[in-house]
$ cat work_13.csv   # CSV, C-alpha atoms
chain,number,residue,atom,x,y,z
A,1,MET,CA,88.2,31.5,131.2
A,2,THR,CA,86.7,30.7,127.9
A,3,THR,CA,84.8,27.4,127.4
A,4,LEU,CA,84.4,26.3,123.8
A,5,ASP,CA,80.9,24.9,124.1
A,6,SER,CA,79.4,28.4,124.4
A,7,HIS,CA,81.6,29.9,121.7
A,8,PRO,CA,80.5,28.6,118.2
A,9,VAL,CA,83.0,31.0,116.5
A,10,LEU,CA,86.0,29.8,118.6
A,11,GLN,CA,85.0,26.2,118.0
A,12,ALA,CA,84.7,26.8,114.2
A,13,LEU,CA,88.1,28.4,114.2
A,14,LEU,CA,89.8,25.7,116.2
A,15,GLU,CA,88.3,23.0,114.1
A,16,ARG,CA,88.9,24.7,110.7
A,17,HIS,CA,90.5,22.3,108.2
A,18,SER,CA,90.8,21.8,104.4
A,19,THR,CA,88.8,19.4,102.3
A,20,GLY,CA,90.5,18.6,99.0
A,21,PRO,CA,88.7,18.6,95.6
A,22,LYS,CA,88.6,14.8,95.5
A,23,HIS,CA,86.4,14.8,98.5
A,24,LEU,CA,84.0,17.5,97.2
A,25,ILE,CA,80.7,16.8,95.3
A,26,GLU,CA,77.6,18.8,94.2
A,27,PRO,CA,76.1,21.1,95.3
A,28,GLY,CA,78.5,23.9,95.6
A,29,PRO,CA,77.7,27.4,96.7
A,30,SER,CA,75.0,29.4,94.8
A,31,ASP,CA,76.0,32.7,93.2
A,32,ALA,CA,74.3,34.4,96.2
A,33,GLU,CA,76.4,32.4,98.6
A,34,LEU,CA,79.5,33.2,96.6
A,35,HIS,CA,78.7,36.9,97.2
A,36,THR,CA,78.3,36.3,100.9
A,37,LEU,CA,81.7,34.4,100.9
A,38,THR,CA,83.2,37.4,99.2
A,39,GLU,CA,81.7,39.8,101.8
A,40,ALA,CA,83.3,37.7,104.5
A,41,ALA,CA,86.7,37.9,102.7
A,42,LEU,CA,86.3,41.7,102.6
A,43,ARG,CA,86.3,41.8,106.4
A,44,ALA,CA,90.0,40.8,106.5
A,45,PRO,CA,92.3,43.4,108.0
A,46,ASP,CA,93.3,45.7,105.1
A,47,HIS,CA,95.6,48.6,105.8
A,48,ALA,CA,94.4,51.7,103.9
A,49,ALA,CA,91.5,49.6,102.4
A,50,LEU,CA,93.4,48.7,99.2
A,51,VAL,CA,91.4,45.5,98.6
A,52,PRO,CA,94.5,43.9,97.0
A,53,PHE,CA,92.6,40.8,95.8
A,54,ARG,CA,89.8,39.7,93.6
A,55,PHE,CA,88.1,36.3,92.9
A,56,SER,CA,87.1,34.7,89.6
A,57,ALA,CA,84.6,32.0,90.0
A,58,VAL,CA,84.7,28.9,87.8
A,59,ARG,CA,81.5,26.8,87.9
A,60,GLY,CA,79.3,24.9,85.5
A,61,ASP,CA,80.6,24.4,82.0
A,62,ALA,CA,83.6,26.7,82.6
A,63,ARG,CA,85.1,23.9,84.6
A,64,THR,CA,85.7,21.9,81.4
A,65,ARG,CA,87.8,24.8,80.1
A,66,LEU,CA,89.7,25.1,83.4
A,67,ALA,CA,90.3,21.3,83.3
A,68,SER,CA,91.9,21.7,79.8
A,69,LEU,CA,94.2,24.5,81.0
A,70,PHE,CA,95.2,22.5,84.1
A,71,GLU,CA,96.0,19.6,81.8
A,72,GLN,CA,98.0,21.8,79.4
A,73,ALA,CA,99.9,23.3,82.3
A,74,ALA,CA,100.7,19.8,83.6
A,75,CYS,CA,102.0,18.7,80.2
A,76,ALA,CA,104.1,21.9,79.9
A,77,ALA,CA,105.6,21.1,83.3
A,78,GLY,CA,106.7,17.7,82.1
A,79,LYS,CA,104.1,15.6,83.9
A,80,ASP,CA,103.1,12.3,82.2
A,81,ALA,CA,99.6,11.4,80.9
A,82,ALA,CA,98.5,10.1,84.3
A,83,GLY,CA,99.7,13.2,86.1
A,84,ALA,CA,98.0,15.5,83.6
A,85,ALA,CA,94.8,13.5,84.0
A,86,LEU,CA,94.9,14.0,87.8
A,87,ASP,CA,95.3,17.7,87.4
A,88,ARG,CA,92.4,17.7,84.9
A,89,GLU,CA,90.2,15.9,87.5
A,90,ARG,CA,91.1,18.5,90.2
A,91,ALA,CA,89.3,21.2,88.1
A,92,LEU,CA,86.3,19.0,87.4
A,93,ASN,CA,85.6,17.6,90.9
A,94,ALA,CA,84.9,20.7,92.8
A,95,PRO,CA,81.5,22.3,92.0
A,96,VAL,CA,83.0,25.7,92.3
A,97,THR,CA,86.7,26.8,92.0
A,98,LEU,CA,87.5,30.3,92.9
A,99,ALA,CA,90.7,31.8,91.4
A,100,VAL,CA,92.4,34.0,93.9
A,101,ILE,CA,94.0,37.0,92.1
A,102,ALA,CA,96.3,39.5,93.9
A,103,ARG,CA,96.4,43.0,92.7
A,104,LEU,CA,98.9,44.9,94.8
A,105,ASP,CA,99.8,48.5,94.8
A,106,LEU,CA,103.5,48.2,94.9
A,107,GLY,CA,104.2,51.9,95.0
A,108,HIS,CA,101.9,52.6,98.0
A,109,PRO,CA,103.5,55.1,100.4
A,110,GLN,CA,102.1,53.6,103.6
A,111,VAL,CA,101.5,49.9,102.9
A,112,PRO,CA,104.4,47.7,102.0
A,113,ALA,CA,103.9,44.7,99.8
A,114,HIS,CA,104.1,42.2,102.6
A,115,GLU,CA,101.1,43.8,104.4
A,116,GLN,CA,99.1,43.6,101.2
A,117,TRP,CA,100.0,39.9,100.8
A,118,ALA,CA,98.9,39.4,104.4
A,119,CYS,CA,95.5,41.0,103.5
A,120,VAL,CA,95.2,38.5,100.6
A,121,GLY,CA,95.8,35.7,103.1
A,122,GLY,CA,93.3,37.1,105.6
A,123,ALA,CA,90.7,37.3,102.9
A,124,VAL,CA,91.3,33.6,101.9
A,125,ALA,CA,91.2,32.5,105.5
A,126,TYR,CA,87.9,34.3,106.2
A,127,LEU,CA,86.4,32.9,102.9
A,128,LEU,CA,87.4,29.4,103.9
A,129,LEU,CA,85.9,29.7,107.3
A,130,ALA,CA,82.7,31.2,105.9
A,131,ALA,CA,82.4,28.3,103.4
A,132,LYS,CA,82.7,25.9,106.3
A,133,ALA,CA,80.1,27.7,108.3
A,134,MET,CA,77.7,27.3,105.3
A,135,GLY,CA,78.3,23.5,105.4
A,136,TYR,CA,80.7,23.3,102.5
A,137,GLY,CA,84.2,21.9,102.4
A,138,ALA,CA,87.0,23.9,100.8
A,139,LYS,CA,90.7,24.0,100.2
A,140,MET,CA,93.2,26.5,98.9
A,141,LEU,CA,95.3,25.0,96.1
A,142,SER,CA,98.5,26.5,94.7
A,143,GLY,CA,101.7,25.0,93.5
A,144,ALA,CA,103.6,25.3,90.2
A,145,LYS,CA,100.5,25.6,88.0
A,146,ALA,CA,99.7,29.0,89.7
A,147,ARG,CA,102.9,30.2,87.9
A,148,SER,CA,102.0,28.6,84.6
A,149,PRO,CA,101.8,31.1,81.8
A,150,VAL,CA,98.7,29.4,80.3
A,151,LEU,CA,96.8,29.9,83.6
A,152,THR,CA,98.1,33.3,84.6
A,153,SER,CA,97.1,34.7,81.2
A,154,ALA,CA,93.7,33.1,81.5
A,155,PHE,CA,93.0,34.8,84.9
A,156,CYS,CA,95.2,37.8,85.4
A,157,GLU,CA,95.4,41.3,84.0
A,158,SER,CA,98.7,43.1,83.7
A,159,GLY,CA,100.3,43.6,87.2
A,160,GLU,CA,98.2,40.9,88.8
A,161,THR,CA,99.4,37.7,90.4
A,162,LEU,CA,97.6,34.4,90.4
A,163,VAL,CA,97.8,33.1,94.0
A,164,GLY,CA,95.9,29.8,93.4
A,165,TRP,CA,92.4,28.4,93.6
A,166,ILE,CA,89.9,27.7,96.3
A,167,ALA,CA,87.9,24.5,95.6
A,168,ILE,CA,84.5,24.5,97.3
A,169,GLY,CA,81.7,21.9,97.4
A,170,THR,CA,79.8,19.5,99.6
A,171,PRO,CA,82.2,17.4,101.6
A,172,THR,CA,81.9,13.6,101.2
A,173,LEU,CA,83.7,13.1,104.5
A,174,GLY,CA,83.6,14.8,107.9
A,175,GLY,CA,87.3,15.4,108.2
A,176,ARG,CA,89.0,16.9,111.1
A,177,ALA,CA,91.6,19.5,111.9
A,178,LYS,CA,95.2,18.1,111.5
A,179,HIS,CA,97.2,18.2,114.6
A,180,GLY,CA,100.6,18.2,113.0
A,181,LYS,CA,101.1,21.9,114.1
A,182,PRO,CA,103.5,23.0,116.7
A,183,PRO,CA,102.0,23.6,120.2
A,184,ALA,CA,100.9,27.2,120.8
A,185,ASP,CA,103.9,27.4,123.3
A,186,GLU,CA,106.3,27.3,120.4
A,187,VAL,CA,104.6,30.2,118.6
A,188,LEU,CA,103.7,32.4,121.6
A,189,THR,CA,106.2,33.8,123.9
A,190,PHE,CA,106.0,36.6,126.5
A,191,TRP,CA,108.1,39.8,126.1
A,192,SER,CA,109.8,41.3,129.1
B,1,MET,CA,70.1,30.0,100.8
B,2,THR,CA,71.9,30.9,103.9
B,3,THR,CA,70.3,33.0,106.5
B,4,LEU,CA,72.6,34.8,108.9
B,5,ASP,CA,70.5,34.4,112.1
B,6,SER,CA,71.2,30.7,112.1
B,7,HIS,CA,74.9,31.0,111.4
B,8,PRO,CA,76.8,32.6,114.3
B,9,VAL,CA,80.1,32.1,112.5
B,10,LEU,CA,79.0,33.9,109.3
B,11,GLN,CA,77.5,36.7,111.4
B,12,ALA,CA,80.7,37.1,113.3
B,13,LEU,CA,82.7,37.2,110.0
B,14,LEU,CA,80.4,39.8,108.4
B,15,GLU,CA,80.5,42.0,111.5
B,16,ARG,CA,84.2,41.7,112.1
B,17,HIS,CA,85.8,45.1,112.7
B,18,SER,CA,88.8,46.6,114.4
B,19,THR,CA,88.8,48.4,117.8
B,20,GLY,CA,91.8,50.7,118.2
B,21,PRO,CA,93.9,50.9,121.4
B,22,LYS,CA,92.3,54.2,122.6
B,23,HIS,CA,89.0,52.3,122.9
B,24,LEU,CA,90.5,49.4,124.9
B,25,ILE,CA,90.5,48.9,128.7
B,26,GLU,CA,91.3,46.2,131.2
B,27,PRO,CA,90.8,43.3,131.3
B,28,GLY,CA,92.7,41.8,128.4
B,29,PRO,CA,93.0,38.1,127.6
B,30,SER,CA,94.6,35.9,130.2
B,31,ASP,CA,97.6,33.8,129.3
B,32,ALA,CA,95.4,30.8,128.8
B,33,GLU,CA,93.2,32.8,126.4
B,34,LEU,CA,96.3,34.0,124.6
B,35,HIS,CA,97.2,30.4,124.0
B,36,THR,CA,93.7,29.7,122.6
B,37,LEU,CA,94.1,32.8,120.3
B,38,THR,CA,97.4,31.4,119.1
B,39,GLU,CA,95.7,28.0,118.4
B,40,ALA,CA,93.1,29.8,116.3
B,41,ALA,CA,95.9,31.5,114.4
B,42,LEU,CA,97.5,28.2,113.7
B,43,ARG,CA,94.4,27.0,111.8
B,44,ALA,CA,95.2,29.5,109.0
B,45,PRO,CA,95.9,27.9,105.6
B,46,ASP,CA,99.6,27.1,105.7
B,47,HIS,CA,101.1,25.4,102.6
B,48,ALA,CA,103.7,22.8,103.8
B,49,ALA,CA,103.0,23.7,107.4
B,50,LEU,CA,105.9,26.2,107.7
B,51,VAL,CA,104.3,28.2,110.5
B,52,PRO,CA,106.0,31.4,109.1
B,53,PHE,CA,105.0,33.5,112.1
B,54,ARG,CA,105.2,33.8,115.9
B,55,PHE,CA,103.8,36.2,118.5
B,56,SER,CA,105.4,38.0,121.4
B,57,ALA,CA,103.0,39.1,124.0
B,58,VAL,CA,103.5,42.4,125.8
B,59,ARG,CA,101.4,42.8,129.0
B,60,GLY,CA,101.7,44.1,132.6
B,61,ASP,CA,104.9,46.0,133.3
B,62,ALA,CA,106.4,45.2,129.9
B,63,ARG,CA,104.0,47.7,128.4
B,64,THR,CA,106.0,50.6,130.0
B,65,ARG,CA,109.2,49.4,128.2
B,66,LEU,CA,107.3,49.0,124.9
B,67,ALA,CA,105.9,52.6,125.4
B,68,SER,CA,109.4,53.9,125.8
B,69,LEU,CA,110.5,52.2,122.6
B,70,PHE,CA,107.4,53.5,120.7
B,71,GLU,CA,108.3,57.0,122.0
B,72,GLN,CA,112.0,56.6,120.9
B,73,ALA,CA,110.9,55.4,117.4
B,74,ALA,CA,108.6,58.4,117.1
B,75,CYS,CA,111.3,60.8,118.0
B,76,ALA,CA,113.8,59.1,115.6
B,77,ALA,CA,111.1,59.5,112.9
B,78,GLY,CA,111.0,63.2,113.5
B,79,LYS,CA,107.7,63.4,115.3
B,80,ASP,CA,107.3,66.3,117.8
B,81,ALA,CA,106.7,65.8,121.6
B,82,ALA,CA,102.9,65.6,121.2
B,83,GLY,CA,103.2,62.9,118.4
B,84,ALA,CA,105.7,60.9,120.5
B,85,ALA,CA,103.4,61.0,123.5
B,86,LEU,CA,100.5,59.7,121.4
B,87,ASP,CA,102.6,56.8,120.2
B,88,ARG,CA,103.6,56.2,123.9
B,89,GLU,CA,99.9,56.0,124.9
B,90,ARG,CA,99.2,53.4,122.1
B,91,ALA,CA,101.4,50.9,123.9
B,92,LEU,CA,100.0,51.7,127.4
B,93,ASN,CA,96.3,51.7,126.6
B,94,ALA,CA,95.9,48.1,125.4
B,95,PRO,CA,96.0,45.5,128.2
B,96,VAL,CA,97.8,43.2,125.8
B,97,THR,CA,99.8,44.0,122.7
B,98,LEU,CA,100.9,41.0,120.6
B,99,ALA,CA,103.9,41.6,118.3
B,100,VAL,CA,103.4,39.7,115.1
B,101,ILE,CA,106.8,38.5,113.8
B,102,ALA,CA,107.2,36.8,110.4
B,103,ARG,CA,109.8,34.1,110.0
B,104,LEU,CA,109.8,33.1,106.3
B,105,ASP,CA,111.7,30.3,104.7
B,106,LEU,CA,112.8,32.3,101.6
B,107,GLY,CA,114.5,29.3,100.0
B,108,HIS,CA,111.6,26.9,100.2
B,109,PRO,CA,111.3,24.8,97.0
B,110,GLN,CA,107.5,24.7,96.9
B,111,VAL,CA,106.2,27.7,98.8
B,112,PRO,CA,107.0,31.2,97.4
B,113,ALA,CA,107.4,34.1,99.8
B,114,HIS,CA,104.0,35.6,98.9
B,115,GLU,CA,102.2,32.4,100.1
B,116,GLN,CA,104.0,32.6,103.4
B,117,TRP,CA,103.0,36.2,103.8
B,118,ALA,CA,99.4,35.2,103.0
B,119,CYS,CA,99.7,32.6,105.8
B,120,VAL,CA,100.8,35.3,108.2
B,121,GLY,CA,97.8,37.3,107.2
B,122,GLY,CA,95.5,34.4,107.7
B,123,ALA,CA,96.9,33.8,111.2
B,124,VAL,CA,96.3,37.5,112.1
B,125,ALA,CA,92.8,37.4,110.7
B,126,TYR,CA,91.8,34.2,112.6
B,127,LEU,CA,93.4,35.6,115.8
B,128,LEU,CA,91.4,38.8,115.5
B,129,LEU,CA,88.2,36.9,115.0
B,130,ALA,CA,88.9,34.6,117.9
B,131,ALA,CA,89.5,37.7,120.2
B,132,LYS,CA,86.2,39.1,119.1
B,133,ALA,CA,84.5,35.8,119.8
B,134,MET,CA,85.9,36.0,123.4
B,135,GLY,CA,84.4,39.4,123.8
B,136,TYR,CA,87.5,41.4,123.3
B,137,GLY,CA,88.2,44.3,120.9
B,138,ALA,CA,91.4,44.1,118.8
B,139,LYS,CA,93.2,45.9,116.0
B,140,MET,CA,96.2,45.2,113.9
B,141,LEU,CA,98.6,48.1,114.0
B,142,SER,CA,101.6,48.6,111.7
B,143,GLY,CA,103.1,51.7,110.0
B,144,ALA,CA,106.6,53.1,110.0
B,145,LYS,CA,107.4,52.1,113.6
B,146,ALA,CA,107.3,48.4,112.5
B,147,ARG,CA,110.4,49.2,110.4
B,148,SER,CA,112.1,51.2,113.2
B,149,PRO,CA,115.5,49.6,114.1
B,150,VAL,CA,114.8,50.2,117.8
B,151,LEU,CA,111.7,48.1,117.6
B,152,THR,CA,112.8,45.4,115.2
B,153,SER,CA,115.9,44.7,117.3
B,154,ALA,CA,113.7,44.4,120.4
B,155,PHE,CA,111.4,41.8,118.9
B,156,CYS,CA,113.2,40.1,116.0
B,157,GLU,CA,115.9,37.5,115.6
B,158,SER,CA,118.1,37.5,112.5
B,159,GLY,CA,116.0,36.9,109.3
B,160,GLU,CA,112.7,37.8,111.0
B,161,THR,CA,110.4,40.7,110.0
B,162,LEU,CA,108.3,42.7,112.5
B,163,VAL,CA,104.9,42.9,110.8
B,164,GLY,CA,103.2,45.0,113.5
B,165,TRP,CA,101.2,44.6,116.7
B,166,ILE,CA,97.8,43.4,117.6
B,167,ALA,CA,96.3,45.5,120.5
B,168,ILE,CA,93.7,43.5,122.5
B,169,GLY,CA,91.4,44.5,125.4
B,170,THR,CA,87.9,45.1,126.6
B,171,PRO,CA,86.2,47.5,124.1
B,172,THR,CA,84.7,50.7,125.6
B,173,LEU,CA,82.3,51.0,122.6
B,174,GLY,CA,80.3,48.5,120.5
B,175,GLY,CA,81.7,49.6,117.2
B,176,ARG,CA,80.5,48.2,113.9
B,177,ALA,CA,82.0,47.0,110.7
B,178,LYS,CA,82.9,49.8,108.3
B,179,HIS,CA,81.1,49.9,105.1
B,180,GLY,CA,83.6,51.7,103.0
B,181,LYS,CA,84.5,48.5,101.2
B,182,PRO,CA,83.6,47.9,97.5
B,183,PRO,CA,80.6,45.8,96.9
B,184,ALA,CA,81.3,42.1,96.5
B,185,ASP,CA,80.4,42.6,92.8
B,186,GLU,CA,83.6,44.5,92.2
B,187,VAL,CA,85.7,41.8,93.8
B,188,LEU,CA,83.9,38.7,92.5
B,189,THR,CA,83.4,38.0,88.8
B,190,PHE,CA,82.5,34.8,87.0
B,191,TRP,CA,84.9,33.2,84.6
B,192,SER,CA,83.8,31.7,81.3
$ encode --input "work_13.csv" --output "structure tokens"
Amino acid sequence: MTTLDSHPVLQALLERHSTGPKHLIEPGPSDAELHTLTEAALRAPDHAALVPFRFSAVRGDARTRLASLFEQAACAAGKDAAGAALDRERALNAPVTLAVIARLDLGHPQVPAHEQWACVGGAVAYLLLAAKAMGYGAKMLSGAKARSPVLTSAFCESGETLVGWIAIGTPTLGGRAKHGKPPADEVLTFWS
Amino acid sequence: MTTLDSHPVLQALLERHSTGPKHLIEPGPSDAELHTLTEAALRAPDHAALVPFRFSAVRGDARTRLASLFEQAACAAGKDAAGAALDRERALNAPVTLAVIARLDLGHPQVPAHEQWACVGGAVAYLLLAAKAMGYGAKMLSGAKARSPVLTSAFCESGETLVGWIAIGTPTLGGRAKHGKPPADEVLTFWS
């Protein structure tokens, strides 16, 4: 039997939770730490080593430009001034925001698209856990603005898909894993 | 700056690697450990908490039945007797084989299919890391047999997709992370 106390990795996994940008302050990860986070993401299972993802880091002054694009996208989606201002804040609050960009090989003979999407998700999951291990809070953000033309054209090359953004910074609150998930019994059955 | 020595979680992530079924022996995870592995999978980022996956564990005598289905699928795919025998062995070698089954909500108003596939991938990634933390070796297996009618009908309900299998057991070799991946510099750029 496994006891959690002696397994820091299991403990970190079972306590993994998101920290939204409104609960993030400076400092965020350094450029060297962002490289380490990317290396953790590259350890996700990746059939045929296609690396169907890349990250684009927004930090420092670039956040102001991202905030303007978030605001434009909100206005284009019909949000009112207060809603657009909230979206603007989302880009400014987090010390670092990493755009997650998928670059799938849709004609690959062995690896169907859904496996490549799964690899993107594994990369995000490992990056979030690594950020937490460094002491940062982080959250994956998506929603309608990931499909907004003003944002996809700012981040994506032809054939790429903007998945969303990972906000990373120093958490202002401890937070804890949500327990709204189904029990493992609902998700795990035994085949016979 | 982060040093790895003081960060067991970062170290585990950066050293994460797969161990194929031919390098796995008894014992495999107990039923209680399989529950803990499932709980780790449930901590993957999951927009709107859809839990778009489930696992079906094959262990004990059920492995013989899985081996027969692997063999049938190989024959149906045109493999010769030696190839079919190899596929049969794959099911018998691992003490536990977890089928990974996706159950997407394709009509969800907020969460596109690709985000749900990413969640499935995050779940697999966390489960593999948790297995390694318990001292087991593991590998995600997919390929043509995941699309074989004989196997999809054995594991899936209507509307579900068989993603593949995770083989788990005690590793017979230490193994190490492959370094065929691109450097982080190719995957991480800075937006301005």
$ residues_around --input "work_13.csv" --residues "Ser68 in chain B" --least-positions-apart "4" --cutoff "9 Å" --atoms "all atoms listed in the file" --output "list in words"
Arg63, Thr64, Gln72, Ala73, Arg88 and Ala91 of chain B
$ atom_distance --input "work_13.csv" --atom1 "CA of Ala144 in chain B" --atom2 "CA of Ser30 in chain B"
29.1 Å
$ closest_residue --input "work_13.csv" --among "B:Phe70, B:Tyr136, B:Trp117, B:Trp165" --to "chain A" --atoms "only C-alpha atoms"
B:Trp117
$ residues_around --input "work_13.csv" --residues "range 102-107 of chain B" --least-positions-apart "2" --cutoff "8 Å" --atoms "all atoms listed in the file" --output "number ranges by chain"
B: 50, 52-54, 100, 109, 112-113, 116-117, 120, 159-163
$ write_last_selection --input "work_13.csv" --atoms "C-alpha atoms" --output "PDB file, in the coordinates of the input"
ATOM      1  CA  LEU B  50     105.900  26.200 107.700  1.00  0.00           C
ATOM      2  CA  PRO B  52     106.000  31.400 109.100  1.00  0.00           C
ATOM      3  CA  PHE B  53     105.000  33.500 112.100  1.00  0.00           C
ATOM      4  CA  ARG B  54     105.200  33.800 115.900  1.00  0.00           C
ATOM      5  CA  VAL B 100     103.400  39.700 115.100  1.00  0.00           C
ATOM      6  CA  PRO B 109     111.300  24.800  97.000  1.00  0.00           C
ATOM      7  CA  PRO B 112     107.000  31.200  97.400  1.00  0.00           C
ATOM      8  CA  ALA B 113     107.400  34.100  99.800  1.00  0.00           C
ATOM      9  CA  GLN B 116     104.000  32.600 103.400  1.00  0.00           C
ATOM     10  CA  TRP B 117     103.000  36.200 103.800  1.00  0.00           C
ATOM     11  CA  VAL B 120     100.800  35.300 108.200  1.00  0.00           C
ATOM     12  CA  GLY B 159     116.000  36.900 109.300  1.00  0.00           C
ATOM     13  CA  GLU B 160     112.700  37.800 111.000  1.00  0.00           C
ATOM     14  CA  THR B 161     110.400  40.700 110.000  1.00  0.00           C
ATOM     15  CA  LEU B 162     108.300  42.700 112.500  1.00  0.00           C
ATOM     16  CA  VAL B 163     104.900  42.900 110.800  1.00  0.00           C
TER      17      VAL B 163
END
$ interface_residues --input "work_13.csv" --of "chain A" --to "chain B" --cutoff "6 Å" --atoms "only C-alpha atoms" --output "list in words"
Val9, Leu10, Leu13, Leu14, His35, Thr38, Glu39, Ala40, Arg54, Phe55, Ser56, Ala57, Val58, Ala62, Trp117, Ala118, Cys119, Val120, Gly121, Gly122, Ala125, Ala130, Ala184, Val187, Leu188, Thr189, Phe190, Trp191 and Ser192 of chain A
$ atom_distance --input "work_13.csv" --atom1 "CA of Leu151 in chain B" --atom2 "CA of Ala77 in chain B"
12.3 Å
$ atom_distance --input "work_13.csv" --atom1 "CA of Asp80 in chain A" --atom2 "CA of His23 in chain A"
23.5 Å
$ closest_residue --input "work_13.csv" --among "A:Ala138, A:Ser158, A:Gly169, A:Lys22" --to "Asp87 in chain A" --atoms "all atoms listed in the file"
A:Lys22
$ axis_aligned_box --input "work_13.csv" --around "range 123-137 of chain A" --padding-each-side "8 Å" --output "JSON"
{"center_x": 84.5, "center_y": 29.6, "center_z": 105.1, "size_x": 29.6, "size_y": 31.4, "size_z": 22.4}
$ decode --input "work_13.csv" --residues "range 147-162 of chain A" --atoms "N, CA and C atoms" --output "PDB file, in the first residue's frame"
ATOM      1  N   ARG A 147     -11.097  31.638 -29.625  1.00  0.00           N
ATOM      2  CA  ARG A 147     -11.530  31.497 -31.030  1.00  0.00           C
ATOM      3  C   ARG A 147     -11.686  32.869 -31.693  1.00  0.00           C
ATOM      4  N   SER A 148     -11.342  33.939 -30.977  1.00  0.00           N
ATOM      5  CA  SER A 148     -11.507  35.276 -31.524  1.00  0.00           C
ATOM      6  C   SER A 148     -10.440  35.549 -32.599  1.00  0.00           C
ATOM      7  N   PRO A 149     -10.859  36.014 -33.785  1.00  0.00           N
ATOM      8  CA  PRO A 149      -9.884  36.244 -34.865  1.00  0.00           C
ATOM      9  C   PRO A 149      -8.755  37.193 -34.450  1.00  0.00           C
ATOM     10  N   VAL A 150      -9.068  38.211 -33.649  1.00  0.00           N
ATOM     11  CA  VAL A 150      -8.037  39.177 -33.254  1.00  0.00           C
ATOM     12  C   VAL A 150      -6.941  38.485 -32.435  1.00  0.00           C
ATOM     13  N   LEU A 151      -7.307  37.470 -31.674  1.00  0.00           N
ATOM     14  CA  LEU A 151      -6.309  36.766 -30.851  1.00  0.00           C
ATOM     15  C   LEU A 151      -5.646  35.615 -31.602  1.00  0.00           C
ATOM     16  N   THR A 152      -6.422  34.877 -32.378  1.00  0.00           N
ATOM     17  CA  THR A 152      -5.776  33.782 -33.125  1.00  0.00           C
ATOM     18  C   THR A 152      -4.757  34.346 -34.111  1.00  0.00           C
ATOM     19  N   SER A 153      -5.076  35.486 -34.732  1.00  0.00           N
ATOM     20  CA  SER A 153      -4.107  36.027 -35.699  1.00  0.00           C
ATOM     21  C   SER A 153      -2.879  36.604 -34.993  1.00  0.00           C
ATOM     22  N   ALA A 154      -3.025  36.984 -33.736  1.00  0.00           N
ATOM     23  CA  ALA A 154      -1.877  37.516 -32.995  1.00  0.00           C
ATOM     24  C   ALA A 154      -0.924  36.412 -32.539  1.00  0.00           C
ATOM     25  N   PHE A 155      -1.436  35.188 -32.387  1.00  0.00           N
ATOM     26  CA  PHE A 155      -0.589  34.120 -31.832  1.00  0.00           C
ATOM     27  C   PHE A 155      -0.284  32.981 -32.797  1.00  0.00           C
ATOM     28  N   CYS A 156      -1.171  32.745 -33.773  1.00  0.00           N
ATOM     29  CA  CYS A 156      -1.053  31.510 -34.568  1.00  0.00           C
ATOM     30  C   CYS A 156      -0.537  31.744 -35.971  1.00  0.00           C
ATOM     31  N   GLU A 157       0.252  30.787 -36.435  1.00  0.00           N
ATOM     32  CA  GLU A 157       0.589  30.692 -37.854  1.00  0.00           C
ATOM     33  C   GLU A 157      -0.513  29.890 -38.541  1.00  0.00           C
ATOM     34  N   SER A 158      -0.439  29.830 -39.856  1.00  0.00           N
ATOM     35  CA  SER A 158      -1.413  29.059 -40.624  1.00  0.00           C
ATOM     36  C   SER A 158      -1.418  27.597 -40.167  1.00  0.00           C
ATOM     37  N   GLY A 159      -2.607  27.033 -39.954  1.00  0.00           N
ATOM     38  CA  GLY A 159      -2.714  25.627 -39.571  1.00  0.00           C
ATOM     39  C   GLY A 159      -2.638  25.395 -38.070  1.00  0.00           C
ATOM     40  N   GLU A 160      -2.338  26.423 -37.309  1.00  0.00           N
ATOM     41  CA  GLU A 160      -2.266  26.274 -35.857  1.00  0.00           C
ATOM     42  C   GLU A 160      -3.613  26.621 -35.199  1.00  0.00           C
ATOM     43  N   THR A 161      -3.798  26.152 -33.982  1.00  0.00           N
ATOM     44  CA  THR A 161      -5.015  26.443 -33.208  1.00  0.00           C
ATOM     45  C   THR A 161      -4.614  27.031 -31.859  1.00  0.00           C
ATOM     46  N   LEU A 162      -5.246  28.143 -31.503  1.00  0.00           N
ATOM     47  CA  LEU A 162      -5.016  28.724 -30.183  1.00  0.00           C
ATOM     48  C   LEU A 162      -5.889  27.968 -29.180  1.00  0.00           C
TER      49      LEU A 162
END
